[in-house]
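K.L.:
I have a structure here, written as structure tokens, and I will follow up with some questions on it.
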Amino acid sequence: MLTNETIALMEELTQAVGISGDERNISKIMKTHMEPYADEIIYDNLGSIFAVKKSGKPNALRVMICGHMDEVGFMITSIKKNGLAEFICIGGMDAQSLHAQRVRLKAASGREYIGTIVCDKDEIAACDTKHMRIDFGAENAEMAADWGVKVGDSAVLDGGFAMLGDGHRILSKAWDNRYGCIMAIELLQALKETKLDVDLYIGATVQEEAGIRGGTTATGLIHPDMGIVLDCSSANDITRDEQAVGQLGKGILIRYYDKGMMPNRLLLDTLVQTCKNQQLPYQYYYNMAQTDAAWIHKLFSGCPTLSACICARNVHTGNSMIDIRDYDCAKSALLAIITSLDENKINAYKAENR
């Protein structure tokens with residue numbers, strides 16, 4: 001079960017606003033929580049943040065572990081005379097889920113405004129975001145300007161943090177991918193007294209939802225020998241199909257295929273064997289999406305990379321849901337893998353496909 005500290009961290013990070021290109025709020029929270037356990041905090045030039053935990057060994061191999069800070073959302077493209085804001089979507093969202101949803105609009109000043117997505121009734125059936133507007137209470141363009149709202153400001157779907165039923169499931173916005181941010185912080189905290197055989201670079205990237213941009217630049221910063229990517233993927237268990245790919249409460253995902261990366265089979269087998277040894281639930285998974293692993297694994301001369309994901313229902317909405325048993329499972333498996341790493345194992349992962 002989760003501790004009160006973990007639940008508070010989950011609420012703090014999922015409820016912060018940070019779309020692609022505007023992740024500073026998330027970065028500040030992560031720095032606050034990671035800095036006490038890090039030898040150093042480093043950034044790439046797009047804003048990705050990593051805590052460094054040194055092994056103390058000269059020329060130690062580098063392991064990069066990352067989630068991504070950004071969530072899907074909206075960017076304001078114009079303010080109409082009547083005070084309504086036109087927008088574009090940043091990241092993939094289904095237009096059918098947007099009409100009449102509450103949003104949180106974040107002005108450049110940092111001030112937030114609650115609003116809702118509106119659409120003319122004759123345009124509702126078309127479900128086209130070009131006909132939708134954000135109404136945040138301004139009566140005209142001048143009032144919006146006085147409030148500090150302007151073109152380029154961001155907004156996200158509003159979705160409060162709620163523990164459901166018996167406490168095994170949590171509903172919130174932004175599990176994709178504040179899961180990865182939370183996990184990165186908690187892994188670092190759990191390893192505070194552990195002497196590793198590798199130099200650990202653990203944190204989160206920026207602009208994944210806009211095209212895996214921070215994953216590229218962060219890899220260039222760190223030059224890892226191995227990567228582990230923490231992300232939140234779509235559950236597909238609504239129909240109660242026992243064979244559905246991605247089921248809440250069934251454990252960490254053994255992600256054997258996605259659009260961006262063919263897995264390192266030895267790393268994937270290591271995750272499976274770790275789950276078996278630790279008696280942790282796991283489930284095989286594939287989809288046609290991609291994560292930061294798509295770039296981490298293929299930059300420079302290549303980097304063996306593991307996707308360590310859990311699934312959520314309603315990803316990319318204001319009401320996504322995870323199962324805390326999946327989170328606990330992933331954390332246990334990751335700690336076992338990280339603490340077992342040494343130069344011989346990482347070199348074996350590198351040589352896997354030769």
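Ligands are numbered from 1 in the order shown, residues from 1 within each chain, and chains are lettered A, B, ... in the order they appear in the structure tokens.
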Using only C-alpha atoms, which protein or nucleic acid residues come within 6 Å of Cys309 of chain A? Drop anything in the same chain fewer than 4 positions from it, and give the result as a ChimeraX atom specification.
P.N.:
/A:230-232,253
K.L.:
Need the shell around Val156 of chain A: protein/DNA/RNA residues with any atom at most 6 Å away, counting only C-alpha atoms. Skip same-chain ones fewer than 6 positions apart. Format as a ChimeraX atom specification?
P.N.:
/A:73,103-104
K.L.:
In Å, with one decimal, what is the gap from atom CA of Tyr285 of chain A to atom CA of Ser97 of chain A?
P.N.:
25.2 Å
K.L.:
Would you mind listing what lies within 8 Å of Asp258 of chain A as a ChimeraX atom specification, with only C-alpha atoms counted and same-chain residues fewer than 3 positions away left out?
P.N.:
/A:255,261-262,286-290
K.L.:
Segment 206-219 of chain A: which residues within 7 Å, counting only C-alpha atoms, same-chain residues fewer than 3 positions away excluded, as a PyMOL selection string?
P.N.:
chain A and resi 20-21+23+44+46-48+68-72+90-91+222-224+292+295-296
K.L.:
Please compute the atom CA of Met226 of chain A-atom CA of Gly302 of chain A distance, one decimal, in Å.
P.N.:
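Value for the atom CA of Met226 of chain A-atom CA of Gly302 of chain A distance: 9.1 Å.
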K.L.:
Where in segment 51-228 of chain A does DSSP assign strand (DSSP E or B), given as a ChimeraX atom specification?
P.N.:
/A:51-53,62-68,71,73-79,85-90,102-106,112-119,132-135,154-157,162-164,169-172,199-205,226-228
K.L.:
Using only C-alpha atoms for the distances, tell me which of A:Ala294, A:Val198, A:Ala184, A:Ile7 is nearest to Leu61 of chain A.
P.N.:
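The closest residue to Leu61 of chain A is A:Val198.
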K.L.:
His316 of chain A: which residues within 9 Å, counting only C-alpha atoms, same-chain residues fewer than 2 positions away excluded, as a VMD selection string?
P.N.:
chain A and resid 71 to 73 91 to 94 157 173 to 176 314 318 to 320
K.L.:
List as a list in words the protein and nucleic acid residues near Cys66 of chain A, meaning an atom at most 8 Å away when only C-alpha atoms are counted, but skip any in the same chain fewer than 3 places from it.
P.N.:
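My reading of the contact set: Gly180, Cys181, Ala184, Ile202, Gly203, Ala204, Thr205, Ile228, Val229 and Leu230 of chain A.
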K.L.:
Would you save the residues from that selection as a CSV table (one decimal), in the first residue's frame, using C-alpha atoms?
P.N.:
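Output file selection_39.csv follows:
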chain,number,residue,atom,x,y,z
A,180,GLY,CA,7.2,8.6,-14.4
A,181,CYS,CA,8.0,11.7,-12.4
A,184,ALA,CA,11.8,8.7,-10.5
A,202,ILE,CA,17.3,9.8,-12.9
A,203,GLY,CA,14.7,12.4,-13.6
A,204,ALA,CA,12.3,13.5,-16.4
A,205,THR,CA,12.4,14.9,-19.9
A,228,ILE,CA,15.1,2.8,-18.5
A,229,VAL,CA,11.9,4.7,-19.5
A,230,LEU,CA,9.0,5.2,-17.1
K.L.:
For the contact check between segment 302-329 of chain A and segment 348-352 of chain A, emit one row per residue of segment 302-329 of chain A within 9 Å, containing the shortest atom pair and the distance in Å rounded to one decimal, counting only C-alpha atoms, chain then rising number order, as a tab-separated table.
P.N.:
residue	atom	partner	partner_atom	distance
A:Gly302	CA	A:Lys350	CA	8.3
A:Cys303	CA	A:Lys350	CA	7.1
A:Pro304	CA	A:Lys350	CA	5.9
A:Thr305	CA	A:Tyr349	CA	8.9
K.L.:
Could you save those same residues with N, CA and C atoms as an mmCIF file, in the first residue's frame?
P.N.:
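Written output follows (result-v8.cif):
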data_model
loop_
_atom_site.group_PDB
_atom_site.id
_atom_site.type_symbol
_atom_site.label_atom_id
_atom_site.label_comp_id
_atom_site.auth_asym_id
_atom_site.auth_seq_id
_atom_site.Cartn_x
_atom_site.Cartn_y
_atom_site.Cartn_z
ATOM 1 N N GLY A 302 23.923 3.524 -30.066
ATOM 2 C CA GLY A 302 22.857 2.676 -29.551
ATOM 3 C C GLY A 302 22.972 2.483 -28.053
ATOM 4 N N CYS A 303 21.828 2.284 -27.403
ATOM 5 C CA CYS A 303 21.781 2.194 -25.945
ATOM 6 C C CYS A 303 20.694 1.196 -25.561
ATOM 7 N N PRO A 304 21.039 0.046 -24.956
ATOM 8 C CA PRO A 304 19.994 -0.886 -24.527
ATOM 9 C C PRO A 304 19.030 -0.193 -23.580
ATOM 10 N N THR A 305 17.744 -0.277 -23.898
ATOM 11 C CA THR A 305 16.739 0.506 -23.180
ATOM 12 C C THR A 305 15.540 -0.360 -22.830
#
K.L.:
Out of segment 25-224 of chain A, which residues get helix (DSSP H, G or I) from DSSP, as a VMD selection string?
P.N.:
chain A and resid 25 to 37 95 to 97 124 to 126 129 to 131 141 to 146 175 to 190 213 to 222
K.L.:
Quick one: residues within 12 Å of Thr3 of chain A, only C-alpha atoms, excluding same-chain residues fewer than 4 positions away - as a count of residues only?
P.N.:
8
K.L.:
Nearest to Asp326 of chain A among A:Lys250, A:Arg24, A:Lys57, A:Lys31, with distances taken over only C-alpha atoms: which residue is it?
P.N.:
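Smallest separation from Asp326 of chain A among the options: A:Lys250.
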K.L.:
Go through A:Met75, A:Leu164, A:Ile346, A:Leu299 and flag the residue nearest Cys89 of chain A, using only C-alpha atoms for the distances.
P.N.:
A:Met75
